[in-house]
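See below for target.txt, which holds compact mmCIF, C-alpha atoms.
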```txt
# COMPACT_ATOMS: atom_id res chain seq x y z
CA MET R 18 76.22 62.02 28.33
CA GLN R 19 79.42 60.22 29.29
CA ASP R 20 79.63 56.44 29.34
CA GLY R 21 80.09 56.44 33.09
CA CYS R 22 76.52 57.60 33.51
CA GLY R 23 75.32 54.29 32.04
CA SER R 24 72.13 53.49 30.21
CA GLU R 25 69.99 54.16 33.27
CA GLY R 26 71.31 57.68 33.61
CA LYS R 27 70.93 58.32 29.92
CA MET R 28 67.28 57.31 29.98
CA LYS R 29 66.69 59.65 32.94
CA ALA R 30 68.51 62.45 31.10
CA TYR R 31 66.30 61.89 28.06
CA ARG R 32 63.24 62.76 30.16
CA GLY R 33 63.98 66.45 29.72
CA SER R 34 64.75 66.23 26.01
CA ASP R 35 62.79 67.96 23.29
CA PHE R 36 61.90 64.94 21.18
CA THR R 37 60.14 67.04 18.59
CA LYS R 38 63.47 68.74 17.88
CA LEU R 39 65.37 65.44 18.10
CA THR R 40 63.16 63.99 15.34
CA SER R 41 62.99 67.08 13.12
CA SER R 42 65.07 65.67 10.24
CA LEU R 43 66.16 62.41 8.68
CA GLU R 44 69.66 62.75 10.13
CA ALA R 45 68.33 63.51 13.61
CA VAL R 46 65.96 60.53 13.54
CA VAL R 47 68.71 58.13 12.43
CA LYS R 48 71.05 59.38 15.17
CA LEU R 49 68.39 59.18 17.89
CA GLN R 50 67.30 55.72 16.83
CA ALA R 51 70.87 54.37 16.99
CA GLU R 52 71.36 55.82 20.48
CA LEU R 53 68.06 54.58 21.87
CA LYS R 54 68.47 51.14 20.34
CA SER R 55 71.75 50.72 22.18
CA TYR R 56 70.45 52.05 25.49
CA LEU R 57 67.19 50.09 25.44
CA LYS R 58 69.04 46.89 24.61
CA ASP R 59 71.41 47.42 27.53
CA VAL R 60 68.57 48.24 29.94
CA HIS R 61 66.64 45.09 28.96
CA CYS R 62 69.68 42.92 29.70
CA HIS R 63 69.49 43.81 33.39
CA GLN R 64 66.86 43.69 36.09
CA SER R 65 65.29 47.14 36.11
CA ARG R 66 64.02 49.00 39.14
CA PRO R 67 60.50 50.52 39.03
CA ASP R 68 61.92 54.03 38.66
CA GLN R 69 64.05 52.90 35.72
CA LEU R 70 61.03 51.33 34.05
CA PHE R 71 59.13 54.56 34.61
CA ASP R 72 61.90 56.57 32.92
CA GLU R 73 61.93 54.23 29.93
CA ARG R 74 58.15 54.23 29.60
CA PHE R 75 58.03 58.03 29.87
CA VAL R 76 60.72 58.49 27.23
CA CYS R 77 59.10 56.01 24.82
CA ASP R 78 55.70 57.68 25.27
CA ARG R 79 57.17 61.12 24.56
CA LEU R 80 59.01 59.75 21.55
CA LEU R 81 55.84 58.22 20.09
CA ARG R 82 54.04 61.53 20.49
CA ALA R 83 56.91 63.36 18.76
CA CYS R 84 56.66 60.93 15.84
CA ASN R 85 52.95 61.61 15.69
CA HIS R 86 53.68 65.34 15.61
CA TRP R 87 55.89 64.96 12.53
CA ALA R 88 53.52 62.50 10.88
CA ALA R 89 50.90 65.26 10.99
CA GLU R 90 53.24 67.87 9.53
CA SER R 91 52.93 68.54 5.81
CA THR R 92 56.65 69.39 5.67
CA CYS R 93 57.60 65.85 6.72
CA ASN R 94 57.87 63.77 3.57
CA GLY R 95 59.95 61.18 1.78
CA GLU R 96 62.84 59.67 3.70
CA HIS R 97 62.13 61.70 6.83
CA LEU R 98 58.60 60.30 7.03
CA GLN R 99 59.78 56.76 6.32
CA SER R 100 62.55 57.03 8.94
CA LEU R 101 59.95 57.56 11.66
CA VAL R 102 58.58 54.03 11.23
CA PRO R 103 61.52 52.07 12.75
CA LEU R 104 61.67 54.66 15.52
CA VAL R 105 57.97 54.07 16.26
CA GLU R 106 58.61 50.32 16.29
CA LEU R 107 61.52 50.73 18.72
CA ALA R 108 59.59 53.06 21.02
CA SER R 109 56.56 50.75 21.00
CA ARG R 110 58.67 47.77 22.06
CA GLY R 111 60.32 49.83 24.77
CA PHE R 112 56.96 51.08 26.01
CA CYS R 113 55.56 47.55 26.26
CA VAL R 114 58.60 46.07 27.98
CA SER R 115 58.68 48.86 30.56
CA SER R 116 54.93 48.71 31.32
CA LEU R 117 54.20 46.22 34.08
CA GLU R 118 50.47 46.81 33.57
CA ARG R 119 49.42 48.35 30.29
CA ILE R 120 46.35 50.56 30.04
CA PRO R 121 44.17 48.80 27.45
CA PHE R 122 44.50 50.34 23.98
CA TYR R 123 46.64 53.30 25.14
CA LEU R 124 49.50 52.37 22.80
CA GLU R 125 47.18 51.16 20.04
CA LYS R 126 45.38 54.51 19.94
CA ILE R 127 48.68 56.39 19.56
CA LEU R 128 49.77 54.05 16.77
CA PHE R 129 46.45 54.52 14.97
CA HIS R 130 46.82 58.30 15.06
CA ILE R 131 50.33 58.03 13.65
CA LEU R 132 49.01 55.76 10.90
CA LYS R 133 46.13 58.12 10.13
CA ASN R 134 48.40 61.16 9.98
CA MET R 135 50.94 59.39 7.77
CA SER R 136 48.23 58.27 5.36
CA VAL R 137 47.57 61.82 4.15
CA HIS R 138 51.11 62.18 2.78
CA ASP R 139 52.06 61.42 -0.80
CA SER R 140 54.06 58.21 -1.28
CA SER R 141 53.16 56.92 2.19
CA TYR R 142 52.18 53.39 1.06
CA GLN R 143 55.29 51.69 2.43
CA ALA R 144 55.27 53.56 5.72
CA CYS R 145 51.59 52.84 6.28
CA SER R 146 52.00 49.16 5.42
CA GLN R 147 54.79 48.81 7.99
CA LEU R 148 52.86 50.69 10.65
CA SER R 149 49.76 48.63 10.00
CA GLU R 150 51.82 45.48 10.63
CA LEU R 151 52.86 46.86 14.01
CA LEU R 152 49.35 47.96 15.01
CA TYR R 153 47.84 44.68 13.82
CA SER R 154 50.32 42.65 15.88
CA TYR R 155 49.27 44.41 19.08
CA LEU R 156 45.54 44.23 18.35
CA SER R 157 45.64 40.56 17.38
CA ASP R 158 47.36 39.76 20.70
CA CYS R 159 44.62 41.41 22.76
CA PRO R 160 42.82 39.05 25.18
CA SER R 161 39.36 37.98 24.02
CA GLU R 162 37.62 40.05 26.70
CA GLN R 163 39.35 43.19 25.39
CA GLN R 164 38.41 42.31 21.81
CA ALA R 165 34.77 42.60 22.84
CA SER R 166 35.26 46.22 23.94
CA TYR R 167 34.15 49.38 22.17
CA ASP R 168 37.73 50.64 21.81
CA PHE R 169 38.83 47.48 20.01
CA GLY R 170 36.00 47.78 17.51
CA ALA R 171 36.62 51.50 16.98
CA ILE R 172 40.35 51.08 16.33
CA THR R 173 39.96 48.09 13.99
CA LYS R 174 37.17 49.75 11.98
CA SER R 175 39.00 53.06 11.72
CA SER R 176 42.25 51.35 10.70
CA PHE R 177 40.40 49.45 7.99
CA GLN R 178 38.80 52.62 6.64
CA CYS R 179 42.08 54.55 6.78
CA LEU R 180 44.06 51.99 4.74
CA TRP R 181 41.20 51.13 2.36
CA ASN R 182 40.67 54.80 1.52
CA LEU R 183 44.39 55.37 1.06
CA ALA R 184 44.61 52.49 -1.42
CA GLY R 185 41.60 53.82 -3.29
CA GLU R 186 42.97 57.29 -3.82
CA GLN R 187 44.68 57.76 -7.16
CA LYS R 188 46.14 61.13 -8.10
CA PRO R 189 45.18 62.31 -11.61
CA GLY R 190 47.89 61.37 -14.09
CA ALA R 191 49.87 59.34 -11.55
CA ALA R 192 51.24 55.96 -12.54
CA PRO R 193 49.23 53.16 -10.91
CA CYS R 194 50.94 51.19 -8.17
CA THR R 195 48.72 48.15 -8.39
CA ARG R 196 50.74 45.84 -6.16
CA GLU R 197 51.13 48.46 -3.46
CA ALA R 198 47.43 49.32 -3.63
CA LEU R 199 46.46 45.66 -3.41
CA GLY R 200 48.78 45.17 -0.44
CA LEU R 201 47.25 48.13 1.38
CA ARG R 202 43.72 46.87 0.76
CA LEU R 203 44.59 43.45 2.13
CA HIS R 204 46.32 45.02 5.14
CA ALA R 205 43.10 46.96 5.65
CA LEU R 206 41.05 43.78 5.49
CA ARG R 207 43.05 42.21 8.29
CA PHE R 208 41.67 44.88 10.63
CA LEU R 209 38.16 44.29 9.32
CA MET R 210 38.66 40.57 9.91
CA LEU R 211 39.70 41.24 13.51
CA GLU R 212 36.56 43.27 14.08
CA GLU R 213 34.26 40.74 12.43
CA MET R 214 35.91 37.87 14.31
CA SER R 215 35.32 39.53 17.69
CA SER R 216 32.44 38.45 19.90
CA SER R 217 30.92 41.94 19.71
CA HIS R 218 30.24 41.37 16.00
CA ALA R 219 27.99 38.45 16.98
CA ASP R 220 25.78 37.28 14.09
CA ALA R 221 26.17 40.41 11.95
CA PRO R 222 26.99 39.72 8.28
CA ILE R 223 30.63 39.06 7.41
CA THR R 224 31.90 41.42 4.70
CA VAL R 225 35.60 40.49 4.47
CA SER R 226 35.18 38.18 1.46
CA ARG R 227 33.12 40.79 -0.41
CA HIS R 228 35.82 43.40 0.12
CA ALA R 229 38.50 40.86 -0.84
CA LYS R 230 36.67 40.34 -4.12
CA SER R 231 36.64 44.11 -4.69
CA ALA R 232 40.39 44.24 -4.01
CA ALA R 233 41.06 41.42 -6.50
CA LEU R 234 38.89 43.02 -9.18
CA ALA R 235 40.59 46.39 -8.66
CA PHE R 236 43.93 44.68 -9.22
CA ASP R 237 42.49 43.17 -12.39
CA ALA R 238 42.68 46.40 -14.41
CA LYS R 239 40.33 46.88 -17.35
CA GLY R 240 40.81 43.94 -19.63
CA LYS R 241 44.50 43.48 -18.89
CA SER R 242 46.08 40.06 -18.98
CA TYR R 243 47.63 38.99 -15.72
CA SER R 244 51.27 38.12 -15.83
CA ARG R 245 52.13 34.93 -13.97
CA SER R 246 54.09 37.07 -11.54
CA ASP R 247 51.07 39.32 -10.83
CA ALA R 248 48.78 36.33 -10.34
CA CYS R 249 51.16 34.63 -7.92
CA PHE R 250 51.66 37.91 -6.07
CA LEU R 251 47.91 38.28 -5.53
CA SER R 252 47.51 34.65 -4.45
CA GLU R 253 50.45 34.79 -2.03
CA SER R 254 49.25 38.11 -0.61
CA PHE R 255 45.81 36.63 0.04
CA GLU R 256 47.46 33.63 1.69
CA ASN R 257 49.77 35.64 3.96
CA LEU R 258 47.47 38.48 4.91
CA LEU R 259 44.02 36.87 4.99
CA ILE R 260 44.13 33.08 4.91
CA LYS R 261 46.85 32.47 7.51
CA PRO R 262 45.15 34.67 10.13
CA LEU R 263 42.03 32.53 9.69
CA GLN R 264 44.11 29.44 10.42
CA THR R 265 44.76 30.68 13.94
CA TYR R 266 41.17 29.84 14.80
CA LYS R 267 40.79 26.17 15.67
CA LYS R 268 37.27 25.88 14.29
CA LEU R 269 35.71 28.20 11.76
CA THR R 270 32.02 28.95 11.85
CA HIS R 271 29.95 28.18 8.76
CA ALA R 272 30.02 31.85 7.74
CA TRP R 273 33.81 32.08 8.00
CA ALA R 274 34.30 28.77 6.19
CA CYS R 275 32.19 30.15 3.35
CA SER R 276 34.23 33.35 3.37
CA LEU R 277 37.39 31.26 3.06
CA VAL R 278 35.93 29.49 0.02
CA GLU R 279 34.93 32.81 -1.57
CA MET R 280 38.44 34.24 -1.07
CA THR R 281 39.89 31.03 -2.52
CA LEU R 282 37.71 31.53 -5.59
CA GLN R 283 39.31 34.94 -6.19
CA ARG R 284 42.80 33.44 -5.97
CA ILE R 285 41.97 30.61 -8.36
CA ARG R 286 40.20 32.92 -10.80
CA VAL R 287 43.34 35.03 -11.16
CA LEU R 288 45.72 32.06 -11.26
CA CYS R 289 43.71 30.31 -13.99
CA LYS R 290 43.46 33.52 -15.99
CA SER R 291 47.26 33.70 -16.12
CA GLY R 292 47.76 29.98 -16.78
CA CYS R 293 49.12 29.15 -13.30
CA PHE R 294 47.15 25.90 -13.11
CA HIS R 295 49.63 24.06 -10.89
CA GLN R 296 49.48 26.85 -8.32
CA ALA R 297 45.68 26.92 -8.57
CA LYS R 298 45.50 23.19 -7.80
CA ASP R 299 47.81 23.65 -4.82
CA VAL R 300 45.61 26.44 -3.48
CA ALA R 301 42.47 24.35 -3.90
CA HIS R 302 44.06 21.31 -2.28
CA GLY R 303 45.22 23.38 0.69
CA VAL R 304 41.74 24.75 1.36
CA VAL R 305 40.11 21.33 0.87
CA THR R 306 42.43 20.04 3.60
CA ARG R 307 41.67 22.95 5.91
CA LEU R 308 37.92 22.55 5.46
CA SER R 309 37.82 18.74 5.48
CA LYS R 310 35.38 18.86 8.41
CA ALA R 311 33.29 21.74 7.09
CA ASP R 312 29.64 21.29 6.12
CA GLN R 313 28.42 19.96 2.78
CA CYS R 314 27.92 23.45 1.39
CA CYS R 315 31.61 24.41 1.59
CA ARG R 316 32.86 21.02 0.44
CA SER R 317 30.50 21.14 -2.56
CA ALA R 318 31.75 24.61 -3.48
CA LEU R 319 35.35 23.42 -3.37
CA ALA R 320 34.53 20.38 -5.50
CA ILE R 321 32.96 22.65 -8.12
CA LEU R 322 35.96 24.97 -7.95
CA SER R 323 38.37 22.05 -8.48
CA PHE R 324 36.29 21.07 -11.52
CA ALA R 325 36.74 24.57 -12.93
CA ILE R 326 40.53 24.14 -12.71
CA GLU R 327 40.22 20.82 -14.57
CA ILE R 328 38.30 22.56 -17.35
CA HIS R 329 41.09 25.10 -17.77
CA GLU R 330 43.99 22.67 -17.60
CA ASP R 331 42.74 19.31 -18.88
CA ARG R 332 39.90 20.21 -21.24
CA LYS R 333 41.03 17.67 -23.86
CA THR R 334 42.04 14.84 -21.56
CA PHE R 335 38.98 14.10 -19.43
CA ASP R 336 35.36 13.11 -19.98
CA ILE R 337 33.64 16.46 -19.59
CA GLY R 338 30.17 14.92 -19.91
CA LYS R 339 30.72 12.56 -16.99
CA ARG R 340 32.25 15.30 -14.84
CA LEU R 341 29.36 17.67 -15.61
CA MET R 342 26.89 15.05 -14.38
CA GLN R 343 28.90 14.61 -11.19
CA MET R 344 28.95 18.35 -10.58
CA ALA R 345 25.21 18.63 -11.24
CA GLU R 346 24.66 16.01 -8.55
CA THR R 347 26.99 17.93 -6.24
CA ILE R 348 24.95 21.11 -6.67
CA ASP R 349 21.68 19.24 -6.16
CA GLY R 350 23.14 17.64 -3.05
CA ALA R 351 24.09 21.01 -1.56
CA SER R 352 20.69 22.45 -2.45
CA SER R 353 18.79 19.65 -0.76
CA LEU R 354 20.61 19.82 2.58
CA GLY R 355 18.96 22.24 4.99
CA HIS R 356 19.92 25.79 4.11
CA GLY R 357 22.77 24.77 1.84
CA TRP R 358 21.01 26.35 -1.12
CA GLN R 359 21.46 29.75 0.54
CA CYS R 360 25.26 29.36 0.39
CA GLN R 361 26.73 32.18 -1.69
CA ALA R 362 30.02 30.31 -1.99
CA VAL R 363 28.37 27.47 -3.95
CA SER R 364 26.61 29.93 -6.26
CA GLU R 365 29.77 31.95 -7.01
CA CYS R 366 31.84 28.83 -7.66
CA CYS R 367 29.11 27.63 -10.05
CA GLN R 368 29.15 30.95 -11.87
CA PHE R 369 32.94 30.80 -12.27
CA THR R 370 32.66 27.25 -13.61
CA VAL R 371 30.01 28.34 -16.13
CA SER R 372 32.37 31.02 -17.44
CA CYS R 373 35.14 28.39 -17.71
CA LEU R 374 32.80 26.08 -19.63
CA ASP R 375 31.87 28.88 -22.00
CA GLY R 376 35.52 29.45 -22.85
CA CYS R 377 36.16 25.73 -23.17
CA LEU R 378 33.29 25.11 -25.57
CA LYS R 379 34.10 28.16 -27.68
CA ASP R 380 37.79 27.30 -27.98
CA SER R 381 37.39 23.56 -28.53
CA SER R 382 37.86 22.21 -32.06
CA ASP R 383 37.03 18.67 -30.95
CA SER R 384 33.52 17.83 -32.17
CA ALA R 385 33.25 15.11 -29.53
CA THR R 386 33.16 17.82 -26.93
CA HIS R 387 29.83 18.90 -28.40
CA GLY R 388 28.38 15.38 -28.60
CA ALA R 389 24.93 14.46 -27.37
CA ASP R 390 26.15 13.13 -24.02
CA ALA R 391 28.14 16.27 -23.32
CA VAL R 392 25.22 18.51 -24.31
CA LEU R 393 22.79 16.59 -22.07
CA SER R 394 25.25 16.72 -19.18
CA LEU R 395 25.74 20.44 -19.72
CA ASP R 396 21.98 20.93 -19.66
CA LYS R 397 21.80 19.00 -16.39
CA PHE R 398 24.58 21.10 -14.86
CA LEU R 399 23.12 24.43 -15.99
CA GLY R 400 19.69 23.33 -14.78
CA ALA R 401 21.04 22.59 -11.32
CA HIS R 402 22.83 25.93 -11.27
CA PHE R 403 19.71 27.79 -12.42
CA SER R 404 17.61 26.08 -9.74
CA LEU R 405 20.10 27.16 -7.08
CA VAL R 406 20.15 30.76 -8.29
CA GLU R 407 16.34 30.85 -8.57
CA LYS R 408 16.02 29.80 -4.92
CA GLN R 409 18.49 32.46 -3.81
CA VAL R 410 16.73 35.17 -5.81
CA SER R 411 13.38 34.17 -4.30
CA LEU R 412 14.90 34.41 -0.83
CA SER R 413 16.25 37.90 -1.50
CA LYS R 414 12.75 39.12 -2.43
CA THR R 415 11.14 37.92 0.79
```

Starting from the file, give its structure as structure tokens.
Amino acid sequence: MQDGCGSEGKMKAYRGSDFTKLTSSLEAVVKLQAELKSYLKDVHCHQSRPDQLFDERFVCDRLLRACNHWAAESTCNGEHLQSLVPLVELASRGFCVSSLERIPFYLEKILFHILKNMSVHDSSYQACSQLSELLYSYLSDCPSEQQASYDFGAITKSSFQCLWNLAGEQKPGAAPCTREALGLRLHALRFLMLEEMSSSHADAPITVSRHAKSAALAFDAKGKSYSRSDACFLSESFENLLIKPLQTYKKLTHAWACSLVEMTLQRIRVLCKSGCFHQAKDVAHGVVTRLSKADQCCRSALAILSFAIEIHEDRKTFDIGKRLMQMAETIDGASSLGHGWQCQAVSECCQFTVSCLDGCLKDSSDSATHGADAVLSLDKFLGAHFSLVEKQVSLSKT
């Protein structure tokens, strides 16, 4: 097509193109992407007529379907498969800009099918992570009334399952890609969070924090010691992929506030294990600030969690007996307020603190640590923890 035909003419000419052929190789995809990027940019700089918008929307739709065709082909691998991702991103933007009124979830369904088809390929972690970012951005921007629809729930659930299963698959003899697998699991959880945040989920149990714990434990390979780099990677990934999306909601419900505490526990557990105590304190402080107006249950859990960090970092420089008494009173306070004793976040933070105390007392060579006051305070703390657990066990049996 000559330059005199202009971008508008080129887009019309593309309507008759065989996009499956034009995306059949890495070289073809790179060439097509460069051409379309130039034409779409030029078209968007000018006021477009309805027929021009129709041409652009038609071309972008056909292009997305061609990408889906190759994503489903077993012969499309490696760089060819990866090259489809920026083309999908470009076509998606073009489709949205040229659609005056979008059919709800039309684009999102196409993107999900591309994601699903790509996920069956070897070495598709990076491509699937990038595509999940794109799909998530469109789903998270859906109006609240659309988020209550069946299609929204179906796409978010299916996207979660697709990415979670991909991260869980490990070929026999293959070298583990722990960071990539963790990233995919957390990308998966963003879709689960969208579904469980929607009004259609109503009062059903929230499972995001439980799955986040599974993701963290899977990253914590059998008995390995975390490097500081690994620990910070996990903590930052939790922050960027799970915690920040929660911040977009002005007021968290009790259940989501508890989930935030439980996810914070996983971050601090890993950071303390690797000796990143400064980072652990920063994480705790950030969540305490975010949940400053939360109920007593969540604030008690965070206080106990902060105490666990103190045990790790300052075990020889603070009065452990006095602090144990304070924490025992904190647990009793949470247990005595309404249904605070049912709070799983408090129980899990207590359990983590008990494990920290066990390590502290075993490692300590200071006999004062084992003095009568400290022992009595420890008994008080463990008693409060046991009482809390006993109540929760009784509830589970009813």

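Separating CA of Leu209 (chain R) from CA of Asp78 (chain R) is a distance of 27.2 Å.
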
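A straight line drawn from CA of Pro262 (chain R) to CA of Ser140 (chain R) is 27.6 Å long.
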
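What separates CA of Cys367 (chain R) from CA of Thr347 (chain R) is a distance of 10.6 Å.
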
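For the choices R:Gln50, R:Tyr167, R:Lys290, R:Ser353, the atom-to-atom distance to Ser372 (chain R) is smallest for R:Lys290 when using all atoms listed in the file.
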
Could you give me, as a ChimeraX atom specification, the residues within 12 Å of Leu308 (chain R), counting only C-alpha atoms and dropping anything in the same chain fewer than 6 positions from it? /R:263-264,267-271,273-278,281,301-302,314-320

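Counting only C-alpha atoms, the residue from R:Ala51, R:Ile127, R:Met344, R:Val371 that sits nearest to His86 (chain R) is R:Ile127.
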
Using all atoms listed in the file, the residue out of R:Val304, R:Arg110, R:Gly292, R:Ala221 with shortest distance to Ile260 (chain R) is R:Val304

May I ask which of the residues R:His329, R:Arg340, R:Ser323, R:Lys408 is the closest one to Cys360 (chain R), counting all atoms listed in the file? R:Lys408

Kindly indicate which residue among R:Pro160, R:Ala235, R:Leu258, R:Asp168 lies nearest to Thr195 (chain R), using all atoms listed in the file for the distances. R:Ala235
